[in-house]
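Trainee: Below you will find the structure I want to go over with you.
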6 protein chains.
Amino acid sequence: MSEPRLQVVEVPIPEGANVIVGQAHFIKTLEDLYEALVTSVPGIRFGIAFCEASQKRLIRHEGNDEELRKTAIDACKAIAAGHVFVIYLRNAWPINVLNAIKHVQEVVTIYAATANPLQVIVAETSQGRGVLGVVDGFTPLGVESEDDIAERRAFLRKIGYKK
Amino acid sequence: MSEPRLQVVEVPIPEGANVIVGQAHFIKTLEDLYEALVTSVPGIRFGIAFCEASQKRLIRHEGNDEELRKTAIDACKAIAAGHVFVIYLRNAWPINVLNAIKHVQEVVTIYAATANPLQVIVAETSQGRGVLGVVDGFTPLGVESEDDIAERRAFLRKIGYKK
Amino acid sequence: MSEPRLQVVEVPIPEGANVIVGQAHFIKTLEDLYEALVTSVPGIRFGIAFCEASQKRLIRHEGNDEELRKTAIDACKAIAAGHVFVIYLRNAWPINVLNAIKHVQEVVTIYAATANPLQVIVAETSQGRGVLGVVDGFTPLGVESEDDIAERRAFLRKIGYKK
Amino acid sequence: MSEPRLQVVEVPIPEGANVIVGQAHFIKTLEDLYEALVTSVPGIRFGIAFCEASQKRLIRHEGNDEELRKTAIDACKAIAAGHVFVIYLRNAWPINVLNAIKHVQEVVTIYAATANPLQVIVAETSQGRGVLGVVDGFTPLGVESEDDIAERRAFLRKIGYKK
Amino acid sequence: MSEPRLQVVEVPIPEGANVIVGQAHFIKTLEDLYEALVTSVPGIRFGIAFCEASQKRLIRHEGNDEELRKTAIDACKAIAAGHVFVIYLRNAWPINVLNAIKHVQEVVTIYAATANPLQVIVAETSQGRGVLGVVDGFTPLGVESEDDIAERRAFLRKIGYKK
Amino acid sequence: MSEPRLQVVEVPIPEGANVIVGQAHFIKTLEDLYEALVTSVPGIRFGIAFCEASQKRLIRHEGNDEELRKTAIDACKAIAAGHVFVIYLRNAWPINVLNAIKHVQEVVTIYAATANPLQVIVAETSQGRGVLGVVDGFTPLGVESEDDIAERRAFLRKIGYKK
């Protein structure tokens, strides 16, 4: 029972994109995520990469946007943890696709969905690497006041998400 | 790739309450969790807090019980990790609400749902903080015997959960 | 806010089996996972163990295969973290059962579903233990080429999973 | 290809109760619906009846409230269509339980969830009977005005369902 | 047990729109469907109408497109069956929103999602009206040949829905 | 508002098979149902047919068992209603696949899942045909006694579905 070494991996967010990082099982994940994304939002642009954890052990990838696909591959290179996937998306928001992704039959968990600066905490052992968690954006600075609450609710109504 | 600092954050459980800790995305989480909870169980009492991870970076909060709401805010202050949410509930059990929460479109994962003493393992980096996992209650003391199995099954039938 | 001690726990994979490791809430998990598994795939063989986190604090177990049940108990002994469950299965694949497991009303998250060598990263505090993440198989060795992509897609069609 | 005979079956609604009528498959429906209901809302009172469609062809029943159980049996006697189920509930609303019911693995569809006077349209053939649809309450009398919209939104906020 | 009168109601499809017709429960359906649609696809345009079945018995409506909203109201006027809803959408396809709609906690069933000419079969009793089913487009003219299969599969890949 | 003509269509059940009849939207249904079925149960045998409702208006089909595929095509010929699908399956039970089918993004509803003699009630108009409902097996003969209840519960435990 040796102790793992922890690392902080920076996951870049291209301008206007969001990133989703999760854990899955089996290379069919790639096509299933592709289909879940492309059939959720017309006009969505995305790249997906997935760390195959046995056999050829390749960073597998799909997508319909070459820049986002390359960025996803680079993020998987940096994380380098078996069965992790990284999705970058544009022309769509995580809320448009998260339930479809959660229901993909290979997906076991999602670590983060964000447009914030993202750090992935990775454990390294003699066998390999695994994601332990994420630092998604920044720590809170205070507690919402009554005015902040009113502003938050008004904002969601201004953008049409709530009545 | 610096190394994160790990901390153990104690999450208090008020008498008779349960706590649910998870990771989400976007401040709409607050109202969506509110609606998921209030429409799941008539008479449910709860407080929700959520660590906004960018912009104003406030601990946002909703609920219909001031004590539980305040306790959730305090737990978020202690965890202080971007996009984490904490829910305390009374007059309802986690099993009554967990599937509704999993399906909220901003929720990415849930770390724990428990009435046990809860510790949250937090990683701190130069950027911010993130949840790595939880210590939910205590370590096991032994393995269930045939009598324990019979007792467990009988208990679930006595409380009416199984036939 | 003391610092936790991290350990790497090896989770063995019996020949031809897959393992699923997750976090749940409440001992009803056992029967609910049992029913979810046995009604998902005719002929499935499995063992389930779950670390009760309070009261008797027993490793609770169910299943229809004594070897897999014993292996699940042993994995829970090694992980020894409150509310963690371990499932071993044969005659079925994780993709056949993962969505049913995600929807079990006590399940909060799944850490891994794999046939690869699996290491679970566990944090130990003065209170108890908790899972932080997993090392699922091995780190990637390279990036998929066009030929690899064609081969991957052809493989999924050869086994009949895609048209 | 003979023509079926259509009937209108009145489904009574006991004071303060709601009824849910649906189609399922296999007698395990009874226990699965029982568990879905009893674990959704603490204190829920309900009765379930289900028309077994082969073998003994009995109206099977479960529940934790004898009056509602008897009413469900009576409704199944009147509908008398293979694989139909009827649930009556008190101390809970259909919105608290509908998603759990939809996800029961034997349930194929739901025809109605209502506290209104309910009529079930049944087709009768030489083989048996089947539900074609429902008359749930009454026909509309007009179109919502701006004032009605404001009143509707205010009502949902007054009862705490929306912010 | 009188016999109902059956009617065929024509549901018009505005150029470029799709229609979804279903059965729900309770006026909160309106806001919940509104939120499910607006948060599923950025830029979606839609109108929703719902036949309130008791009390004021109004055709309630929401939406972000006045033409589609008016068309939905007109369709509800023609169907005039308690707890039925009609959604028209543009800039999105039914596959983008159907799973979100199925999961709305008031929705009991969906009768059709289509861009084809749609007829709704309505039963009328002395109490009111109910939907029995739909005629969605036209009857089949033949059976798919090997060439048709190849063409179908190629089409889905040409539009990017499958690999 | 003409009156539709009603027909009773017999849907044959091959020895040892089950049938599932539902309503969907769009020809991608075929491949999505194929994938949902083949990835739910190892060794499942099935045939799927679907009535395309516009354009070429073909009975489209997929599957991995030629007899069941042909039977599904024949059932669609007899029903002949736009956007209806028919699935026959062997080596698997409806409970193994129903939740996966409900979640296919084109599926709007399921009319029946059964091994009983099945009749589908079809409405015919000048435009086309639509399913109104089913007669699934036979009408009930009586009400379950205490002994029948005990026998039912014992049966589910004998086949291992419940503890």
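Chain labels A, B, ... are given in the sequence in which chains occur in the structure tokens; within each chain residues are numbered consecutively from 1, and ligands are likewise numbered from 1 in the order shown.
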Near range 150-163 of chain E, within 7 Å and counting only C-alpha atoms, which residues show up once chain neighbours fewer than 4 positions away are dropped, as a ChimeraX atom specification?

Mentor: /A:35,38-39 /E:146

Trainee: Which residues of chain C have any atom within 6 Å of an atom in chain F when counting only C-alpha atoms, and what is the closest pair of atoms for each, with the distance in Å to one decimal? Order the rows by chain and rising number and write it as JSON lines.

Mentor:
```
{"residue": "C:Ser40", "atom": "CA", "partner": "F:Asn96", "partner_atom": "CA", "distance": 4.6}
{"residue": "C:Val41", "atom": "CA", "partner": "F:Val41", "partner_atom": "CA", "distance": 5.5}
{"residue": "C:Asn96", "atom": "CA", "partner": "F:Ser40", "partner_atom": "CA", "distance": 4.6}
```

Trainee: Using all C-alpha atoms paired in order, least-squares fit chain A onto chain B and give me the moved copy as a PDB file with C-alpha atoms, in the first residue's frame.

Mentor:
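So superposed09.pdb came out as:
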```
ATOM      1  CA  MET A   1       2.651  20.585 -12.047  1.00  0.00           C
ATOM      2  CA  SER A   2       2.823  21.543  -8.418  1.00  0.00           C
ATOM      3  CA  GLU A   3       1.481  19.328  -5.655  1.00  0.00           C
ATOM      4  CA  PRO A   4      -1.821  20.215  -3.990  1.00  0.00           C
ATOM      5  CA  ARG A   5      -2.227  20.532  -0.228  1.00  0.00           C
ATOM      6  CA  LEU A   6      -4.906  18.235   1.227  1.00  0.00           C
ATOM      7  CA  GLN A   7      -7.266  19.154   4.034  1.00  0.00           C
ATOM      8  CA  VAL A   8      -9.951  17.344   5.979  1.00  0.00           C
ATOM      9  CA  VAL A   9     -13.075  19.486   6.358  1.00  0.00           C
ATOM     10  CA  GLU A  10     -15.639  18.438   8.953  1.00  0.00           C
ATOM     11  CA  VAL A  11     -19.238  18.725   7.728  1.00  0.00           C
ATOM     12  CA  PRO A  12     -21.609  18.870  10.681  1.00  0.00           C
ATOM     13  CA  ILE A  13     -24.943  17.007  10.603  1.00  0.00           C
ATOM     14  CA  PRO A  14     -27.706  18.729  12.578  1.00  0.00           C
ATOM     15  CA  GLU A  15     -29.841  16.358  14.658  1.00  0.00           C
ATOM     16  CA  GLY A  16     -32.268  14.484  12.437  1.00  0.00           C
ATOM     17  CA  ALA A  17     -30.896  15.894   9.192  1.00  0.00           C
ATOM     18  CA  ASN A  18     -29.144  14.342   6.219  1.00  0.00           C
ATOM     19  CA  VAL A  19     -26.553  16.021   4.042  1.00  0.00           C
ATOM     20  CA  ILE A  20     -25.896  15.688   0.308  1.00  0.00           C
ATOM     21  CA  VAL A  21     -22.690  17.097  -1.195  1.00  0.00           C
ATOM     22  CA  GLY A  22     -22.099  17.343  -4.925  1.00  0.00           C
ATOM     23  CA  GLN A  23     -20.556  19.159  -7.854  1.00  0.00           C
ATOM     24  CA  ALA A  24     -22.521  21.239 -10.332  1.00  0.00           C
ATOM     25  CA  HIS A  25     -22.140  23.911 -12.963  1.00  0.00           C
ATOM     26  CA  PHE A  26     -23.721  27.375 -13.153  1.00  0.00           C
ATOM     27  CA  ILE A  27     -25.842  29.321 -10.678  1.00  0.00           C
ATOM     28  CA  LYS A  28     -29.130  28.010 -12.117  1.00  0.00           C
ATOM     29  CA  THR A  29     -28.257  24.938 -10.019  1.00  0.00           C
ATOM     30  CA  LEU A  30     -29.757  26.704  -6.992  1.00  0.00           C
ATOM     31  CA  GLU A  31     -33.275  27.126  -8.333  1.00  0.00           C
ATOM     32  CA  ASP A  32     -33.207  23.753 -10.080  1.00  0.00           C
ATOM     33  CA  LEU A  33     -32.183  21.957  -6.881  1.00  0.00           C
ATOM     34  CA  TYR A  34     -34.798  23.968  -4.969  1.00  0.00           C
ATOM     35  CA  GLU A  35     -37.527  22.835  -7.371  1.00  0.00           C
ATOM     36  CA  ALA A  36     -36.304  19.234  -7.461  1.00  0.00           C
ATOM     37  CA  LEU A  37     -36.440  19.042  -3.666  1.00  0.00           C
ATOM     38  CA  VAL A  38     -39.669  20.913  -2.986  1.00  0.00           C
ATOM     39  CA  THR A  39     -41.594  18.942  -5.614  1.00  0.00           C
ATOM     40  CA  SER A  40     -40.241  15.547  -4.529  1.00  0.00           C
ATOM     41  CA  VAL A  41     -41.630  15.303  -0.994  1.00  0.00           C
ATOM     42  CA  PRO A  42     -44.526  17.271   0.502  1.00  0.00           C
ATOM     43  CA  GLY A  43     -43.380  18.882   3.742  1.00  0.00           C
ATOM     44  CA  ILE A  44     -39.662  18.525   3.030  1.00  0.00           C
ATOM     45  CA  ARG A  45     -37.463  21.079   4.834  1.00  0.00           C
ATOM     46  CA  PHE A  46     -34.113  21.961   3.343  1.00  0.00           C
ATOM     47  CA  GLY A  47     -31.311  24.421   2.796  1.00  0.00           C
ATOM     48  CA  ILE A  48     -29.009  24.554  -0.241  1.00  0.00           C
ATOM     49  CA  ALA A  49     -25.729  26.418  -0.726  1.00  0.00           C
ATOM     50  CA  PHE A  50     -23.540  26.545  -3.836  1.00  0.00           C
ATOM     51  CA  CYS A  51     -20.045  27.972  -4.342  1.00  0.00           C
ATOM     52  CA  GLU A  52     -20.143  30.257  -7.374  1.00  0.00           C
ATOM     53  CA  ALA A  53     -16.731  29.782  -8.996  1.00  0.00           C
ATOM     54  CA  SER A  54     -16.305  32.952 -11.077  1.00  0.00           C
ATOM     55  CA  GLN A  55     -17.472  36.563 -11.339  1.00  0.00           C
ATOM     56  CA  LYS A  56     -18.910  37.582  -7.933  1.00  0.00           C
ATOM     57  CA  ARG A  57     -17.800  34.240  -6.404  1.00  0.00           C
ATOM     58  CA  LEU A  58     -20.517  34.186  -3.779  1.00  0.00           C
ATOM     59  CA  ILE A  59     -21.894  31.352  -1.738  1.00  0.00           C
ATOM     60  CA  ARG A  60     -25.368  31.323  -3.286  1.00  0.00           C
ATOM     61  CA  HIS A  61     -28.243  29.813  -1.301  1.00  0.00           C
ATOM     62  CA  GLU A  62     -31.894  28.784  -1.393  1.00  0.00           C
ATOM     63  CA  GLY A  63     -34.168  26.741   0.846  1.00  0.00           C
ATOM     64  CA  ASN A  64     -37.292  26.709   2.950  1.00  0.00           C
ATOM     65  CA  ASP A  65     -35.681  26.209   6.368  1.00  0.00           C
ATOM     66  CA  GLU A  66     -33.484  28.947   7.769  1.00  0.00           C
ATOM     67  CA  GLU A  67     -31.430  26.720  10.089  1.00  0.00           C
ATOM     68  CA  LEU A  68     -30.627  24.206   7.350  1.00  0.00           C
ATOM     69  CA  ARG A  69     -29.903  27.015   4.892  1.00  0.00           C
ATOM     70  CA  LYS A  70     -27.452  28.587   7.338  1.00  0.00           C
ATOM     71  CA  THR A  71     -25.825  25.210   7.974  1.00  0.00           C
ATOM     72  CA  ALA A  72     -25.418  24.668   4.226  1.00  0.00           C
ATOM     73  CA  ILE A  73     -23.804  28.098   3.868  1.00  0.00           C
ATOM     74  CA  ASP A  74     -21.414  27.273   6.697  1.00  0.00           C
ATOM     75  CA  ALA A  75     -20.499  23.944   5.105  1.00  0.00           C
ATOM     76  CA  CYS A  76     -19.784  25.717   1.793  1.00  0.00           C
ATOM     77  CA  LYS A  77     -17.606  28.237   3.648  1.00  0.00           C
ATOM     78  CA  ALA A  78     -15.572  25.385   5.085  1.00  0.00           C
ATOM     79  CA  ILE A  79     -15.301  23.414   1.852  1.00  0.00           C
ATOM     80  CA  ALA A  80     -14.852  26.558  -0.271  1.00  0.00           C
ATOM     81  CA  ALA A  81     -14.486  24.703  -3.560  1.00  0.00           C
ATOM     82  CA  GLY A  82     -15.775  26.047  -6.883  1.00  0.00           C
ATOM     83  CA  HIS A  83     -19.124  24.659  -8.108  1.00  0.00           C
ATOM     84  CA  VAL A  84     -19.663  22.503  -5.006  1.00  0.00           C
ATOM     85  CA  PHE A  85     -23.155  22.363  -3.524  1.00  0.00           C
ATOM     86  CA  VAL A  86     -24.334  21.253  -0.093  1.00  0.00           C
ATOM     87  CA  ILE A  87     -27.922  20.293   0.747  1.00  0.00           C
ATOM     88  CA  TYR A  88     -29.288  19.616   4.223  1.00  0.00           C
ATOM     89  CA  LEU A  89     -32.719  18.058   4.476  1.00  0.00           C
ATOM     90  CA  ARG A  90     -35.290  17.077   7.085  1.00  0.00           C
ATOM     91  CA  ASN A  91     -38.709  15.394   6.811  1.00  0.00           C
ATOM     92  CA  ALA A  92     -37.310  13.443   3.886  1.00  0.00           C
ATOM     93  CA  TRP A  93     -34.589  10.902   3.222  1.00  0.00           C
ATOM     94  CA  PRO A  94     -31.868  11.026   0.599  1.00  0.00           C
ATOM     95  CA  ILE A  95     -33.503   8.073  -1.229  1.00  0.00           C
ATOM     96  CA  ASN A  96     -36.579  10.269  -1.764  1.00  0.00           C
ATOM     97  CA  VAL A  97     -34.604  12.911  -3.654  1.00  0.00           C
ATOM     98  CA  LEU A  98     -31.347  11.449  -5.002  1.00  0.00           C
ATOM     99  CA  ASN A  99     -32.652  10.449  -8.425  1.00  0.00           C
ATOM    100  CA  ALA A 100     -34.242  13.859  -8.904  1.00  0.00           C
ATOM    101  CA  ILE A 101     -30.947  15.520  -7.938  1.00  0.00           C
ATOM    102  CA  LYS A 102     -28.889  13.289 -10.229  1.00  0.00           C
ATOM    103  CA  HIS A 103     -31.142  14.361 -13.096  1.00  0.00           C
ATOM    104  CA  VAL A 104     -30.821  18.122 -12.482  1.00  0.00           C
ATOM    105  CA  GLN A 105     -29.196  19.341 -15.681  1.00  0.00           C
ATOM    106  CA  GLU A 106     -26.323  21.191 -13.956  1.00  0.00           C
ATOM    107  CA  VAL A 107     -25.363  18.401 -11.545  1.00  0.00           C
ATOM    108  CA  VAL A 108     -22.197  16.551 -12.560  1.00  0.00           C
ATOM    109  CA  THR A 109     -21.657  14.257  -9.588  1.00  0.00           C
ATOM    110  CA  ILE A 110     -22.639  13.581  -5.980  1.00  0.00           C
ATOM    111  CA  TYR A 111     -19.949  12.856  -3.412  1.00  0.00           C
ATOM    112  CA  ALA A 112     -22.070  11.740  -0.475  1.00  0.00           C
ATOM    113  CA  ALA A 113     -25.582  11.426   0.919  1.00  0.00           C
ATOM    114  CA  THR A 114     -25.506  10.605   4.585  1.00  0.00           C
ATOM    115  CA  ALA A 115     -26.590  11.175   8.163  1.00  0.00           C
ATOM    116  CA  ASN A 116     -23.214   9.964   9.395  1.00  0.00           C
ATOM    117  CA  PRO A 117     -20.370  12.185  10.550  1.00  0.00           C
ATOM    118  CA  LEU A 118     -18.933  13.427   7.266  1.00  0.00           C
ATOM    119  CA  GLN A 119     -15.472  14.637   6.368  1.00  0.00           C
ATOM    120  CA  VAL A 120     -14.766  16.146   2.980  1.00  0.00           C
ATOM    121  CA  ILE A 121     -11.254  15.760   1.594  1.00  0.00           C
ATOM    122  CA  VAL A 122     -10.319  19.016  -0.120  1.00  0.00           C
ATOM    123  CA  ALA A 123      -7.313  19.767  -2.321  1.00  0.00           C
ATOM    124  CA  GLU A 124      -5.944  23.288  -2.286  1.00  0.00           C
ATOM    125  CA  THR A 125      -3.830  24.737  -5.097  1.00  0.00           C
ATOM    126  CA  SER A 126      -2.621  28.214  -5.909  1.00  0.00           C
ATOM    127  CA  GLN A 127      -5.799  28.651  -7.997  1.00  0.00           C
ATOM    128  CA  GLY A 128      -8.427  27.389  -5.618  1.00  0.00           C
ATOM    129  CA  ARG A 129      -9.927  24.333  -3.984  1.00  0.00           C
ATOM    130  CA  GLY A 130     -11.628  21.118  -5.057  1.00  0.00           C
ATOM    131  CA  VAL A 131     -13.315  18.143  -3.422  1.00  0.00           C
ATOM    132  CA  LEU A 132     -11.453  14.840  -3.839  1.00  0.00           C
ATOM    133  CA  GLY A 133     -13.759  12.621  -1.838  1.00  0.00           C
ATOM    134  CA  VAL A 134     -15.406  12.024   1.500  1.00  0.00           C
ATOM    135  CA  VAL A 135     -15.064  10.001   4.654  1.00  0.00           C
ATOM    136  CA  ASP A 136     -18.672   8.960   5.223  1.00  0.00           C
ATOM    137  CA  GLY A 137     -19.040   7.514   8.718  1.00  0.00           C
ATOM    138  CA  PHE A 138     -16.642   4.860   9.909  1.00  0.00           C
ATOM    139  CA  THR A 139     -14.634   1.902   8.653  1.00  0.00           C
ATOM    140  CA  PRO A 140     -16.205  -1.564   8.775  1.00  0.00           C
ATOM    141  CA  LEU A 141     -15.624  -3.790  11.791  1.00  0.00           C
ATOM    142  CA  GLY A 142     -16.457  -7.178  10.316  1.00  0.00           C
ATOM    143  CA  VAL A 143     -18.356  -9.181   7.747  1.00  0.00           C
ATOM    144  CA  GLU A 144     -22.097  -9.812   7.806  1.00  0.00           C
ATOM    145  CA  SER A 145     -23.053 -13.282   9.093  1.00  0.00           C
ATOM    146  CA  GLU A 146     -26.109 -15.275   8.006  1.00  0.00           C
ATOM    147  CA  ASP A 147     -27.918 -13.918  11.062  1.00  0.00           C
ATOM    148  CA  ASP A 148     -26.943 -10.367  10.171  1.00  0.00           C
ATOM    149  CA  ILE A 149     -28.279 -10.920   6.639  1.00  0.00           C
ATOM    150  CA  ALA A 150     -31.589 -12.193   7.967  1.00  0.00           C
ATOM    151  CA  GLU A 151     -31.774  -9.236  10.352  1.00  0.00           C
ATOM    152  CA  ARG A 152     -30.984  -6.754   7.547  1.00  0.00           C
ATOM    153  CA  ARG A 153     -33.663  -8.172   5.284  1.00  0.00           C
ATOM    154  CA  ALA A 154     -36.184  -8.296   8.126  1.00  0.00           C
ATOM    155  CA  PHE A 155     -35.444  -4.681   9.022  1.00  0.00           C
ATOM    156  CA  LEU A 156     -36.218  -3.440   5.497  1.00  0.00           C
ATOM    157  CA  ARG A 157     -39.508  -5.333   5.597  1.00  0.00           C
ATOM    158  CA  LYS A 158     -40.363  -4.066   9.083  1.00  0.00           C
ATOM    159  CA  ILE A 159     -40.044  -0.452   7.926  1.00  0.00           C
ATOM    160  CA  GLY A 160     -42.133  -1.329   4.858  1.00  0.00           C
ATOM    161  CA  TYR A 161     -39.500  -0.700   2.181  1.00  0.00           C
ATOM    162  CA  LYS A 162     -39.559  -4.261   0.881  1.00  0.00           C
ATOM    163  CA  LYS A 163     -42.154  -7.028   0.884  1.00  0.00           C
TER     164      LYS A 163
END
```

Trainee: Return as a ChimeraX atom specification the full set of residues in range 87-121 of chain D whose backbone-based DSSP assignment is strand (DSSP E or B).

Mentor: /D:87-90,109-114,118-121

Trainee: Could you dump the residues just selected with all heavy atoms as a compact mmCIF listing (two decimals), in the first residue's frame?

Mentor:
```txt
# COMPACT_ATOMS: atom_id res chain seq x y z
N ILE D 87 -53.29 2.92 -9.59
CA ILE D 87 -52.74 3.33 -8.30
C ILE D 87 -53.60 4.47 -7.75
O ILE D 87 -53.86 5.43 -8.47
CB ILE D 87 -51.29 3.85 -8.45
CG1 ILE D 87 -50.37 2.75 -8.96
CG2 ILE D 87 -50.78 4.43 -7.13
CD1 ILE D 87 -49.01 3.27 -9.44
N TYR D 88 -53.99 4.36 -6.51
CA TYR D 88 -54.58 5.51 -5.80
C TYR D 88 -53.59 5.94 -4.72
O TYR D 88 -53.01 5.09 -4.04
CB TYR D 88 -55.90 5.13 -5.14
CG TYR D 88 -57.04 5.02 -6.11
CD1 TYR D 88 -57.40 3.78 -6.64
CD2 TYR D 88 -57.75 6.14 -6.51
CE1 TYR D 88 -58.46 3.67 -7.53
CE2 TYR D 88 -58.81 6.04 -7.40
CZ TYR D 88 -59.15 4.81 -7.91
OH TYR D 88 -60.19 4.71 -8.80
N LEU D 89 -53.43 7.25 -4.56
CA LEU D 89 -52.50 7.71 -3.52
C LEU D 89 -53.05 8.89 -2.75
O LEU D 89 -53.82 9.70 -3.27
CB LEU D 89 -51.12 8.01 -4.10
CG LEU D 89 -50.96 8.82 -5.37
CD1 LEU D 89 -50.79 10.28 -5.01
CD2 LEU D 89 -49.71 8.34 -6.10
N ARG D 90 -52.61 8.94 -1.49
CA ARG D 90 -52.90 10.07 -0.59
C ARG D 90 -51.61 10.46 0.11
O ARG D 90 -50.66 9.69 0.18
CB ARG D 90 -53.92 9.65 0.48
CG ARG D 90 -55.35 9.70 0.04
CD ARG D 90 -56.27 10.00 1.25
NE ARG D 90 -57.68 10.07 0.84
CZ ARG D 90 -58.52 9.05 0.91
NH1 ARG D 90 -58.12 7.88 1.36
NH2 ARG D 90 -59.78 9.20 0.53
N THR D 109 -46.40 2.34 -20.28
CA THR D 109 -46.90 3.69 -20.47
C THR D 109 -47.83 4.05 -19.31
O THR D 109 -48.26 3.18 -18.54
CB THR D 109 -47.65 3.86 -21.81
OG1 THR D 109 -47.76 5.26 -22.11
CG2 THR D 109 -49.04 3.27 -21.78
N ILE D 110 -48.10 5.34 -19.18
CA ILE D 110 -49.06 5.84 -18.21
C ILE D 110 -50.14 6.57 -19.01
O ILE D 110 -49.84 7.33 -19.93
CB ILE D 110 -48.39 6.79 -17.20
CG1 ILE D 110 -47.25 6.04 -16.48
CG2 ILE D 110 -49.40 7.31 -16.19
CD1 ILE D 110 -46.44 6.91 -15.54
N TYR D 111 -51.40 6.30 -18.66
CA TYR D 111 -52.51 6.92 -19.39
C TYR D 111 -52.95 8.22 -18.72
O TYR D 111 -53.35 9.16 -19.40
CB TYR D 111 -53.70 5.97 -19.46
CG TYR D 111 -53.42 4.68 -20.19
CD1 TYR D 111 -53.38 3.46 -19.52
CD2 TYR D 111 -53.17 4.69 -21.56
CE1 TYR D 111 -53.12 2.27 -20.20
CE2 TYR D 111 -52.90 3.50 -22.23
CZ TYR D 111 -52.87 2.31 -21.55
OH TYR D 111 -52.60 1.14 -22.22
N ALA D 112 -52.89 8.28 -17.40
CA ALA D 112 -53.40 9.46 -16.71
C ALA D 112 -52.87 9.50 -15.29
O ALA D 112 -52.60 8.46 -14.68
CB ALA D 112 -54.93 9.45 -16.67
N ALA D 113 -52.73 10.72 -14.78
CA ALA D 113 -52.44 10.96 -13.37
C ALA D 113 -53.28 12.16 -13.01
O ALA D 113 -53.04 13.26 -13.52
CB ALA D 113 -50.96 11.25 -13.17
N THR D 114 -54.24 11.98 -12.14
CA THR D 114 -55.22 13.06 -11.98
C THR D 114 -56.02 12.93 -10.69
O THR D 114 -56.17 11.84 -10.13
CB THR D 114 -56.20 13.07 -13.19
OG1 THR D 114 -56.95 14.28 -13.16
CG2 THR D 114 -57.15 11.89 -13.16
N LEU D 118 -62.46 10.86 -13.83
CA LEU D 118 -61.71 10.18 -14.89
C LEU D 118 -62.57 9.11 -15.53
O LEU D 118 -63.19 8.30 -14.85
CB LEU D 118 -60.44 9.54 -14.31
CG LEU D 118 -59.54 8.87 -15.34
CD1 LEU D 118 -58.81 9.92 -16.19
CD2 LEU D 118 -58.52 7.96 -14.67
N GLN D 119 -62.59 9.14 -16.84
CA GLN D 119 -63.22 8.06 -17.60
C GLN D 119 -62.14 7.37 -18.43
O GLN D 119 -61.31 8.03 -19.05
CB GLN D 119 -64.27 8.62 -18.54
CG GLN D 119 -65.46 9.26 -17.81
CD GLN D 119 -66.43 9.89 -18.78
OE1 GLN D 119 -66.05 10.54 -19.74
NE2 GLN D 119 -67.72 9.70 -18.52
N VAL D 120 -62.18 6.05 -18.43
CA VAL D 120 -61.23 5.29 -19.24
C VAL D 120 -61.98 4.70 -20.43
O VAL D 120 -63.02 4.07 -20.25
CB VAL D 120 -60.57 4.18 -18.41
CG1 VAL D 120 -59.68 3.31 -19.28
CG2 VAL D 120 -59.75 4.80 -17.27
N ILE D 121 -61.44 4.95 -21.62
CA ILE D 121 -62.07 4.41 -22.84
C ILE D 121 -61.48 3.03 -23.09
O ILE D 121 -60.26 2.89 -23.28
CB ILE D 121 -61.80 5.32 -24.06
CG1 ILE D 121 -62.11 6.79 -23.74
CG2 ILE D 121 -62.57 4.81 -25.28
CD1 ILE D 121 -63.53 7.08 -23.39
```

Trainee: Give me every alpha helix (DSSP H) residue in range 7-150 of chain A, going by DSSP on the backbone, as a PyMOL selection string.

Mentor: chain A and resi 28-38+66-79+94-102+146-150
